[in-house]
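Next comes structure.tsv, with TSV, C-alpha atoms.
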```tsv
chain	number	residue	atom	x	y	z
A	1	MET	CA	-65.41	1.64	-111.01
A	2	LYS	CA	-63.63	3.04	-107.99
A	3	ILE	CA	-62.61	0.09	-105.80
A	4	ALA	CA	-61.26	0.45	-102.26
A	5	ILE	CA	-59.42	-2.27	-100.36
A	6	LEU	CA	-59.29	-1.96	-96.56
A	7	ALA	CA	-55.66	-2.80	-95.93
A	8	ASP	CA	-55.02	-2.47	-92.19
A	9	SER	CA	-53.37	-5.89	-92.22
A	10	LEU	CA	-50.43	-4.53	-94.25
A	11	ASP	CA	-49.35	-2.52	-91.21
A	12	ILE	CA	-50.62	-4.40	-88.15
A	13	GLN	CA	-50.35	-8.10	-89.05
A	14	TYR	CA	-47.55	-10.41	-90.09
A	15	ALA	CA	-49.03	-13.75	-91.20
A	16	GLY	CA	-51.56	-15.07	-93.73
A	17	ILE	CA	-54.01	-12.15	-93.90
A	18	LYS	CA	-51.18	-9.71	-94.59
A	19	ARG	CA	-49.87	-11.91	-97.40
A	20	PHE	CA	-53.36	-12.33	-98.82
A	21	THR	CA	-54.01	-8.56	-98.83
A	22	LYS	CA	-50.64	-7.76	-100.41
A	23	ASN	CA	-51.15	-10.37	-103.15
A	24	LEU	CA	-54.71	-9.18	-103.81
A	25	ILE	CA	-53.67	-5.55	-104.24
A	26	GLU	CA	-50.71	-6.41	-106.46
A	27	ASN	CA	-52.71	-8.77	-108.63
A	28	LEU	CA	-55.85	-6.70	-109.17
A	29	SER	CA	-53.99	-3.44	-109.77
A	30	HIS	CA	-51.70	-5.19	-112.26
A	31	GLN	CA	-54.29	-7.27	-114.13
A	32	ASP	CA	-57.24	-4.85	-114.08
A	33	LYS	CA	-56.75	-1.78	-116.28
A	34	ASP	CA	-60.42	-0.73	-116.34
A	35	ASN	CA	-60.99	0.16	-112.69
A	36	GLU	CA	-59.34	2.58	-110.25
A	37	TYR	CA	-57.91	1.18	-107.00
A	38	PHE	CA	-57.51	2.75	-103.57
A	39	ILE	CA	-56.13	1.25	-100.37
A	40	ILE	CA	-57.02	2.49	-96.89
A	41	ARG	CA	-54.38	1.80	-94.23
A	42	PRO	CA	-52.97	3.15	-90.94
A	43	SER	CA	-49.58	4.19	-92.37
A	44	ASN	CA	-48.68	6.59	-95.18
A	45	LYS	CA	-46.71	3.96	-97.11
A	46	ASN	CA	-47.44	2.90	-100.67
A	47	GLU	CA	-45.38	0.05	-102.12
A	48	PHE	CA	-47.82	-0.58	-104.99
A	49	LYS	CA	-48.02	0.70	-108.57
A	50	ASN	CA	-51.30	1.97	-110.04
A	51	VAL	CA	-52.84	2.25	-106.57
A	52	ARG	CA	-53.68	5.34	-104.55
A	53	SER	CA	-52.92	4.87	-100.85
A	54	LEU	CA	-54.86	6.84	-98.22
A	55	GLN	CA	-53.98	6.98	-94.55
A	56	VAL	CA	-56.47	6.67	-91.70
A	57	GLU	CA	-54.32	6.52	-88.59
A	58	ILE	CA	-54.87	4.36	-85.53
A	59	SER	CA	-54.57	6.52	-82.44
A	60	LYS	CA	-53.54	5.44	-78.93
A	61	PHE	CA	-57.16	5.82	-77.82
A	62	PRO	CA	-58.64	2.44	-76.72
A	63	PHE	CA	-60.44	0.58	-79.53
A	64	SER	CA	-59.31	3.23	-82.06
A	65	HIS	CA	-58.61	0.51	-84.62
A	66	ARG	CA	-62.26	-0.61	-84.61
A	67	LEU	CA	-63.90	2.80	-84.03
A	68	ARG	CA	-62.36	4.29	-87.19
A	69	GLN	CA	-64.08	1.49	-89.16
A	70	PHE	CA	-67.42	3.02	-88.15
A	71	GLY	CA	-66.49	6.68	-88.53
A	72	ALA	CA	-63.37	7.98	-90.30
A	73	ILE	CA	-63.10	5.20	-92.90
A	74	PRO	CA	-66.77	5.25	-94.04
A	75	ARG	CA	-66.65	9.05	-94.28
A	76	LEU	CA	-63.54	8.83	-96.47
A	77	LEU	CA	-65.10	6.19	-98.72
A	78	LYS	CA	-68.23	8.30	-99.21
A	79	ARG	CA	-66.15	11.40	-99.95
A	80	LEU	CA	-64.18	9.49	-102.60
A	81	ASP	CA	-67.44	8.27	-104.16
A	82	ILE	CA	-66.25	4.65	-103.99
A	83	ASP	CA	-68.30	2.03	-105.86
A	84	VAL	CA	-67.02	-1.18	-104.23
A	85	VAL	CA	-65.22	-1.86	-100.93
A	86	ILE	CA	-63.29	-5.07	-100.28
A	87	GLU	CA	-62.69	-6.13	-96.68
A	88	PRO	CA	-59.98	-8.82	-96.77
A	89	ALA	CA	-60.55	-10.15	-93.25
A	90	HIS	CA	-64.06	-11.01	-92.04
A	91	PHE	CA	-65.24	-7.85	-90.22
A	92	GLY	CA	-66.74	-4.96	-92.14
A	93	PRO	CA	-67.00	-2.75	-94.00
A	94	TYR	CA	-69.42	-0.85	-91.77
A	95	ASN	CA	-71.75	2.15	-91.87
A	96	LEU	CA	-71.95	2.52	-95.64
A	97	PRO	CA	-74.87	3.49	-97.90
A	98	LYS	CA	-76.38	0.76	-100.08
A	99	SER	CA	-74.94	2.47	-103.13
A	100	ILE	CA	-71.45	1.28	-102.06
A	101	LYS	CA	-71.20	-2.44	-102.70
A	102	ARG	CA	-69.43	-4.58	-100.10
A	103	ILE	CA	-67.24	-7.64	-100.56
A	104	THR	CA	-66.20	-9.51	-97.41
A	105	VAL	CA	-63.50	-12.20	-97.55
A	106	ILE	CA	-63.79	-15.17	-95.19
A	107	HIS	CA	-60.62	-17.21	-94.69
A	108	ASP	CA	-61.68	-19.67	-92.01
A	109	LEU	CA	-64.08	-20.07	-89.12
A	110	SER	CA	-61.73	-21.71	-86.64
A	111	PRO	CA	-62.60	-19.24	-83.82
A	112	ILE	CA	-66.04	-20.88	-83.77
A	113	LEU	CA	-65.12	-24.45	-84.73
A	114	PHE	CA	-62.02	-24.59	-82.49
A	115	LYS	CA	-62.67	-21.90	-79.92
A	116	GLN	CA	-60.16	-23.50	-77.52
A	117	PHE	CA	-57.39	-22.28	-79.83
A	118	HIS	CA	-58.53	-18.63	-79.81
A	119	SER	CA	-59.16	-15.81	-77.41
A	120	ARG	CA	-62.66	-15.39	-75.99
A	121	ALA	CA	-62.87	-12.00	-77.73
A	122	SER	CA	-62.20	-13.61	-81.13
A	123	TYR	CA	-64.79	-16.32	-80.48
A	124	LEU	CA	-67.46	-13.79	-79.43
A	125	ALA	CA	-66.71	-11.52	-82.40
A	126	HIS	CA	-67.08	-14.38	-84.88
A	127	LYS	CA	-70.16	-15.74	-83.14
A	128	TYR	CA	-72.12	-12.49	-82.76
A	129	ILE	CA	-70.57	-9.76	-84.96
A	130	LEU	CA	-69.61	-11.74	-88.06
A	131	PRO	CA	-73.27	-12.57	-88.91
A	132	PHE	CA	-73.89	-8.82	-89.20
A	133	SER	CA	-71.00	-8.47	-91.70
A	134	LEU	CA	-72.24	-11.45	-93.70
A	135	LYS	CA	-75.77	-10.08	-93.86
A	136	LYS	CA	-74.61	-6.65	-95.05
A	137	ALA	CA	-72.16	-8.01	-97.64
A	138	ASP	CA	-73.23	-7.93	-101.28
A	139	LYS	CA	-70.76	-10.72	-102.00
A	140	ILE	CA	-68.82	-13.07	-99.73
A	141	ILE	CA	-65.54	-14.53	-100.95
A	142	ALA	CA	-64.65	-17.93	-99.46
A	143	VAL	CA	-61.02	-18.88	-100.08
A	144	SER	CA	-61.85	-22.59	-100.39
A	145	GLU	CA	-64.80	-24.93	-100.86
A	146	ASN	CA	-64.20	-26.07	-97.28
A	147	THR	CA	-64.65	-22.51	-96.00
A	148	LYS	CA	-67.82	-22.19	-98.08
A	149	ARG	CA	-69.21	-25.38	-96.50
A	150	ASP	CA	-68.39	-24.07	-93.03
A	151	LEU	CA	-70.11	-20.76	-93.82
A	152	GLN	CA	-73.26	-22.52	-94.92
A	153	LYS	CA	-73.18	-24.90	-91.97
A	154	LEU	CA	-72.71	-22.22	-89.30
A	155	PHE	CA	-74.63	-19.30	-90.81
A	156	ILE	CA	-77.68	-18.97	-93.04
A	157	VAL	CA	-75.97	-17.54	-96.12
A	158	PRO	CA	-77.73	-17.72	-99.51
A	159	GLU	CA	-75.79	-19.71	-102.10
A	160	HIS	CA	-75.75	-16.82	-104.58
A	161	LYS	CA	-73.92	-14.54	-102.14
A	162	ILE	CA	-70.85	-16.80	-101.88
A	163	ALA	CA	-68.11	-17.08	-104.48
A	164	VAL	CA	-65.17	-19.44	-104.00
A	165	VAL	CA	-61.95	-17.74	-105.07
A	166	PRO	CA	-58.79	-19.59	-104.00
A	167	ASN	CA	-55.73	-17.79	-102.70
A	168	PHE	CA	-52.88	-17.23	-105.09
A	169	LEU	CA	-49.28	-16.04	-105.22
A	170	SER	CA	-47.53	-13.91	-107.78
A	171	GLU	CA	-44.50	-15.73	-109.16
A	172	SER	CA	-41.39	-14.69	-107.23
A	173	LYS	CA	-37.71	-15.39	-107.66
A	174	GLY	CA	-35.61	-17.46	-105.35
A	175	ALA	CA	-33.02	-15.97	-103.05
A	176	THR	CA	-29.46	-16.51	-101.91
A	177	VAL	CA	-28.91	-15.40	-98.35
A	178	GLN	CA	-26.49	-15.90	-95.48
A	179	LEU	CA	-27.94	-18.34	-92.95
A	180	LEU	CA	-27.02	-19.14	-89.37
A	181	PRO	CA	-24.07	-21.53	-89.06
A	182	SER	CA	-26.26	-23.81	-86.89
A	183	ILE	CA	-28.45	-24.60	-89.91
A	184	LYS	CA	-27.19	-27.64	-91.77
A	185	ARG	CA	-27.69	-28.83	-95.31
A	186	LYS	CA	-30.81	-30.95	-94.77
A	187	TYR	CA	-33.89	-29.86	-92.85
A	188	PHE	CA	-37.64	-30.25	-92.59
A	189	LEU	CA	-39.44	-26.90	-92.56
A	190	VAL	CA	-42.47	-25.76	-90.55
A	191	VAL	CA	-44.01	-22.32	-91.29
A	192	GLY	CA	-46.78	-20.67	-89.28
A	193	THR	CA	-47.49	-18.71	-86.12
A	194	VAL	CA	-46.56	-20.81	-83.10
A	195	GLU	CA	-49.93	-21.47	-81.47
A	196	PRO	CA	-51.81	-24.64	-80.43
A	197	ARG	CA	-53.91	-24.83	-83.63
A	198	LYS	CA	-50.74	-25.40	-85.67
A	199	ASN	CA	-49.99	-28.58	-83.68
A	200	HIS	CA	-46.24	-28.00	-83.38
A	201	LEU	CA	-46.08	-30.37	-80.41
A	202	GLN	CA	-47.09	-33.37	-82.51
A	203	THR	CA	-44.66	-32.34	-85.25
A	204	ILE	CA	-41.80	-32.28	-82.74
A	205	GLU	CA	-42.81	-35.70	-81.40
A	206	ALA	CA	-42.89	-37.10	-84.95
A	207	PHE	CA	-39.45	-35.58	-85.60
A	208	ILE	CA	-38.06	-37.16	-82.41
A	209	ASN	CA	-39.33	-40.54	-83.60
A	210	PHE	CA	-37.84	-39.91	-87.04
A	211	LYS	CA	-34.44	-39.09	-85.57
A	212	SER	CA	-34.51	-42.12	-83.28
A	213	GLN	CA	-35.27	-44.49	-86.17
A	214	SER	CA	-33.17	-42.97	-88.95
A	215	LYS	CA	-30.03	-41.62	-87.26
A	216	SER	CA	-30.32	-38.88	-89.91
A	217	GLN	CA	-28.55	-35.51	-89.61
A	218	THR	CA	-31.71	-33.76	-90.86
A	219	GLN	CA	-32.87	-30.82	-88.72
A	220	LEU	CA	-36.30	-29.36	-88.00
A	221	ILE	CA	-36.63	-25.62	-88.61
A	222	ILE	CA	-39.74	-23.87	-87.29
A	223	ILE	CA	-40.44	-20.38	-88.68
A	224	GLY	CA	-43.20	-18.39	-87.01
A	225	LYS	CA	-43.97	-15.62	-84.59
A	226	ASP	CA	-44.62	-16.45	-80.94
A	227	GLY	CA	-48.41	-16.67	-80.72
A	228	TRP	CA	-50.19	-17.71	-77.54
A	229	LYS	CA	-50.72	-20.66	-75.16
A	230	ASN	CA	-47.19	-21.89	-75.91
A	231	LYS	CA	-45.92	-23.04	-72.54
A	232	ALA	CA	-46.03	-26.74	-73.50
A	233	PHE	CA	-44.32	-26.00	-76.83
A	234	LYS	CA	-41.47	-24.11	-75.18
A	235	THR	CA	-41.04	-26.86	-72.59
A	236	LYS	CA	-40.82	-29.48	-75.35
A	237	MET	CA	-38.29	-27.34	-77.25
A	238	ALA	CA	-36.06	-27.14	-74.19
A	239	ASN	CA	-36.48	-30.75	-73.08
A	240	ASN	CA	-36.08	-33.35	-75.80
A	241	PRO	CA	-33.17	-35.57	-76.84
A	242	PHE	CA	-32.74	-33.78	-80.20
A	243	LYS	CA	-33.17	-30.16	-79.10
A	244	GLU	CA	-29.91	-29.15	-80.82
A	245	ASP	CA	-31.45	-30.12	-84.15
A	246	ILE	CA	-34.70	-28.16	-83.66
A	247	ILE	CA	-34.36	-24.45	-84.51
A	248	TRP	CA	-37.10	-21.85	-83.97
A	249	LEU	CA	-36.81	-18.60	-85.94
A	250	GLN	CA	-39.32	-15.82	-85.26
A	251	ASP	CA	-38.14	-12.95	-87.49
A	252	VAL	CA	-37.51	-14.09	-91.06
A	253	THR	CA	-37.58	-11.77	-94.07
A	254	ASP	CA	-39.43	-12.76	-97.25
A	255	SER	CA	-36.15	-13.37	-99.08
A	256	LYS	CA	-34.88	-15.67	-96.31
A	257	LEU	CA	-38.21	-17.49	-96.22
A	258	SER	CA	-37.93	-18.07	-99.97
A	259	TYR	CA	-34.47	-19.52	-99.42
A	260	PHE	CA	-35.76	-21.87	-96.71
A	261	TYR	CA	-38.50	-23.14	-99.05
A	262	GLN	CA	-36.03	-23.63	-101.91
A	263	ASN	CA	-33.66	-25.74	-99.88
A	264	ALA	CA	-35.94	-27.67	-97.51
A	265	SER	CA	-36.32	-31.44	-97.73
A	266	CYS	CA	-40.02	-30.69	-97.35
A	267	LEU	CA	-42.61	-28.46	-95.71
A	268	ILE	CA	-44.45	-30.16	-92.84
A	269	PHE	CA	-47.90	-28.59	-92.48
A	270	ASN	CA	-49.47	-30.20	-89.43
A	271	THR	CA	-52.51	-28.23	-88.32
A	272	TYR	CA	-55.91	-29.02	-86.85
A	273	TYR	CA	-57.77	-26.73	-89.25
A	274	GLU	CA	-57.07	-24.30	-92.11
A	275	GLY	CA	-59.31	-22.21	-94.30
A	276	PHE	CA	-56.69	-22.47	-97.03
A	277	GLY	CA	-53.07	-22.86	-95.88
A	278	TYR	CA	-50.77	-20.27	-97.50
A	279	PRO	CA	-47.50	-22.04	-96.60
A	280	ILE	CA	-48.55	-24.98	-98.80
A	281	LEU	CA	-48.83	-22.64	-101.79
A	282	GLU	CA	-45.56	-20.88	-100.92
A	283	ALA	CA	-43.72	-24.19	-100.68
A	284	MET	CA	-45.12	-25.56	-103.94
A	285	GLN	CA	-44.06	-22.36	-105.72
A	286	PHE	CA	-40.43	-23.28	-105.01
A	287	SER	CA	-40.90	-27.00	-105.82
A	288	CYS	CA	-40.65	-27.80	-102.13
A	289	PRO	CA	-42.22	-31.21	-101.27
A	290	VAL	CA	-45.19	-30.99	-98.89
A	291	ILE	CA	-46.35	-33.36	-96.15
A	292	ALA	CA	-49.65	-32.11	-94.72
A	293	ALA	CA	-52.41	-33.07	-92.30
A	294	ASN	CA	-55.47	-34.62	-93.91
A	295	ASN	CA	-58.19	-32.24	-92.67
A	296	SER	CA	-60.28	-29.13	-93.46
A	297	SER	CA	-59.24	-27.41	-96.72
A	298	ILE	CA	-55.78	-29.00	-96.92
A	299	PRO	CA	-56.57	-31.93	-99.29
A	300	GLU	CA	-58.39	-29.46	-101.55
A	301	VAL	CA	-55.36	-27.15	-101.74
A	302	LEU	CA	-52.60	-29.76	-101.82
A	303	GLY	CA	-54.30	-31.96	-104.40
A	304	ASN	CA	-51.69	-34.30	-105.85
A	305	GLY	CA	-48.89	-31.89	-104.94
A	306	GLY	CA	-47.70	-33.83	-101.89
A	307	TRP	CA	-48.46	-36.42	-99.23
A	308	LEU	CA	-51.23	-36.34	-96.61
A	309	PHE	CA	-51.15	-37.96	-93.17
A	310	ASP	CA	-53.76	-38.84	-90.55
A	311	SER	CA	-51.61	-39.58	-87.49
A	312	GLN	CA	-48.29	-38.87	-85.83
A	313	GLU	CA	-47.06	-42.32	-86.82
A	314	GLU	CA	-47.93	-41.70	-90.47
A	315	LEU	CA	-46.15	-38.33	-90.36
A	316	THR	CA	-43.00	-40.03	-89.04
A	317	ASN	CA	-43.24	-42.67	-91.76
A	318	HIS	CA	-43.50	-39.97	-94.44
A	319	MET	CA	-40.37	-38.29	-93.00
A	320	LEU	CA	-38.50	-41.59	-93.15
A	321	LYS	CA	-39.70	-42.23	-96.71
A	322	LEU	CA	-38.76	-38.71	-97.85
A	323	ASP	CA	-35.29	-39.05	-96.36
A	324	LYS	CA	-34.59	-41.51	-99.14
A	325	THR	CA	-33.31	-39.51	-102.11
A	326	GLU	CA	-35.32	-41.30	-104.83
A	327	ASN	CA	-38.64	-39.85	-103.56
A	328	VAL	CA	-37.56	-36.22	-103.55
A	329	LYS	CA	-37.33	-35.54	-107.30
A	330	LEU	CA	-40.87	-36.79	-107.98
A	331	LEU	CA	-42.35	-34.83	-105.07
A	332	LYS	CA	-40.64	-31.62	-106.20
A	333	LYS	CA	-42.17	-32.03	-109.66
A	334	MET	CA	-45.64	-32.77	-108.19
A	335	ALA	CA	-45.46	-29.69	-105.96
A	336	ARG	CA	-44.50	-27.33	-108.78
A	337	GLN	CA	-47.17	-28.66	-111.13
A	338	ARG	CA	-49.81	-28.18	-108.45
A	339	PHE	CA	-48.69	-24.59	-107.81
A	340	ILE	CA	-49.20	-23.71	-111.48
A	341	THR	CA	-52.94	-24.45	-111.11
A	342	PHE	CA	-53.07	-21.51	-108.66
A	343	SER	CA	-51.37	-19.08	-111.04
A	344	GLU	CA	-52.52	-15.51	-110.66
A	345	LYS	CA	-54.21	-14.97	-114.05
A	346	PRO	CA	-57.01	-17.55	-113.61
A	347	ILE	CA	-57.61	-16.36	-110.03
A	348	SER	CA	-57.67	-12.74	-111.23
A	349	LYS	CA	-60.37	-13.75	-113.71
A	350	LEU	CA	-62.52	-15.10	-110.85
A	351	TRP	CA	-62.10	-11.83	-108.93
A	352	MET	CA	-63.04	-9.83	-112.02
A	353	GLU	CA	-66.21	-11.90	-112.41
A	354	VAL	CA	-67.21	-10.97	-108.87
A	355	LEU	CA	-66.44	-7.26	-109.40
A	356	ASN	CA	-68.29	-7.13	-112.72
A	357	GLU	CA	-71.31	-8.74	-111.09
A	358	LEU	CA	-71.46	-5.73	-108.74
A	359	LYS	CA	-70.93	-3.18	-111.49
A	360	ILE	CA	-73.13	-0.11	-111.03
```
Can you present the structure in this file as structure tokens?
Amino acid sequence: MKIAILADSLDIQYAGIKRFTKNLIENLSHQDKDNEYFIIRPSNKNEFKNVRSLQVEISKFPFSHRLRQFGAIPRLLKRLDIDVVIEPAHFGPYNLPKSIKRITVIHDLSPILFKQFHSRASYLAHKYILPFSLKKADKIIAVSENTKRDLQKLFIVPEHKIAVVPNFLSESKGATVQLLPSIKRKYFLVVGTVEPRKNHLQTIEAFINFKSQSKSQTQLIIIGKDGWKNKAFKTKMANNPFKEDIIWLQDVTDSKLSYFYQNASCLIFNTYYEGFGYPILEAMQFSCPVIAANNSSIPEVLGNGGWLFDSQEELTNHMLKLDKTENVKLLKKMARQRFITFSEKPISKLWMEVLNELKI
């Protein structure tokens, strides 16, 4: 079959969807020798082997990004005689004949469930446009059982149309990099766009309590782009008794991020809602202990690979417990063993089952 992946996120995003799309392309093109792969993207780059990259530019014209999804991209797909199109991020593909099968990936439905954490445009799009994409899709990939439950709760989606295929990461090597002199030997790590849904404020409060009780030299390093609605976060960063030990880094390369995971005391993943939670998987890959909020898909993904918490007090207690050396070795082992269950070959098999089901 000829399979196209709509890969705008490679060029216009920087967080989870971009990582998902990159991993999907690398994995399928490496594992699947029977089908031919194309990616459609705004730039003329191609960092992948065994994949043909085709450019459909985004002009400066208002709404060009979306308009090309109804015109230029469908025309290109029809001209290439594509059999299956994968849309890695909720919306689309659009304006295609029934002969071209459509797979739409749904990561989470937080714009509907937690609309206070999103723009009105995102809420309206998920509320009124997403149902159209779901109806047109031949197959819907949910990245977790939790996302599948949310899909069925919020939309009338037949059971047979949904396949649960977890996220995955290709095994990558560690890194040795030069870090800022302000970063000390021990630190807790937070990874994710700085926005209210990620609950950074509570994490900082828990860290302040940890520092007050432990007198530890451990720092808190927050890695993530500046999102939105962050006035309270920035105020808290500037006004707290341990502000010298809280470091916010917005531009971190993949190699530096790998280094941070390798050397962290743990990843703290404190969020109100996640469809999957890529940083958990990234941390476990490098045997980094994980302390995560007990909600949405997080228990499903973390499994026995770390510790869950239900309150700020419990998060602080986990920090204090982890600061004792005897707990670290066991947690590192638990994290790595859990990561292995998400290895790329079994996940690739699930994707191939979905593609073969749509075989012409």
Which neighbours of Pro131 (chain A) fall inside 10 Å, counting all atoms listed in the file, when residues of the same chain fewer than 3 positions from it are skipped, and could you give them as number ranges by chain?
A: 90-91, 125-128, 134-137, 154-157
Residues of region 117-202 of chain A that approach region 299-308 of chain A to 12 Å or less, counting only C-alpha atoms: could you list each one with the shortest pair of atoms and its distance in Å to one decimal, rows by chain and increasing residue number, as a tab-separated table?
```
residue	atom	partner	partner_atom	distance
A:Val143	CA	A:Val301	CA	10.2
A:Ser144	CA	A:Glu300	CA	7.8
A:Glu145	CA	A:Glu300	CA	7.9
A:Asn146	CA	A:Glu300	CA	8.0
A:Thr147	CA	A:Glu300	CA	10.9
A:Val165	CA	A:Val301	CA	12.0
A:Pro166	CA	A:Val301	CA	8.6
A:Asn167	CA	A:Val301	CA	9.4
A:Phe168	CA	A:Val301	CA	10.8
```
Mind listing as a list in words all residues within 7 Å of (-49.5, -25.9, -97.9), counting only C-alpha atoms?
Phe269, Gly277, Tyr278, Pro279, Ile280, Leu281, Ala283, Val290, Ala292 and Leu302 of chain A
Do you know which residues are at most 8 Å from region 67-75 of chain A counting only C-alpha atoms, after dropping those on the same chain fewer than 6 positions away, and could you put them as a PyMOL selection string?
chain A and resi 40+56+58+92-96
For CA of Asn239 (chain A) and CA of Ser265 (chain A), the interatomic separation in Å (one decimal)
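Going from CA of Asn239 (chain A) over to CA of Ser265 (chain A) covers 24.7 Å.
For region 116-122 of chain A, the residues within 7 Å (counting only C-alpha atoms, excluding itself and residues fewer than 5 positions away along the chain) are Pro111, Pro196 and Arg197 of chain A.
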Hey, can you pull every residue with an atom no more than 9 Å from (-38.1, -27.7, -103.6), using all atoms listed in the file, and send it as a PyMOL selection string?
chain A and resi 261-266+283-289+328-329+331-333+335-336
Quick one: residues within 8 Å of region 219-234 of chain A, only C-alpha atoms, excluding same-chain residues fewer than 5 positions away - as a PyMOL selection string?
chain A and resi 183-184+186-196+200-201+207+245-252
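Within 6 Å of region 314-321 of chain A, once only C-alpha atoms are used and residues closer than 4 positions along the same chain are dropped, the contacting residues are Ala206, Phe210 and Phe309 of chain A.
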May I have the residues from that selection written out with C-alpha atoms, as a CSV table (one decimal), keeping the file's coordinate frame?
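New file selection_19.csv:
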```
chain,number,residue,atom,x,y,z
A,206,ALA,CA,-42.9,-37.1,-85.0
A,210,PHE,CA,-37.8,-39.9,-87.0
A,309,PHE,CA,-51.2,-38.0,-93.2
```
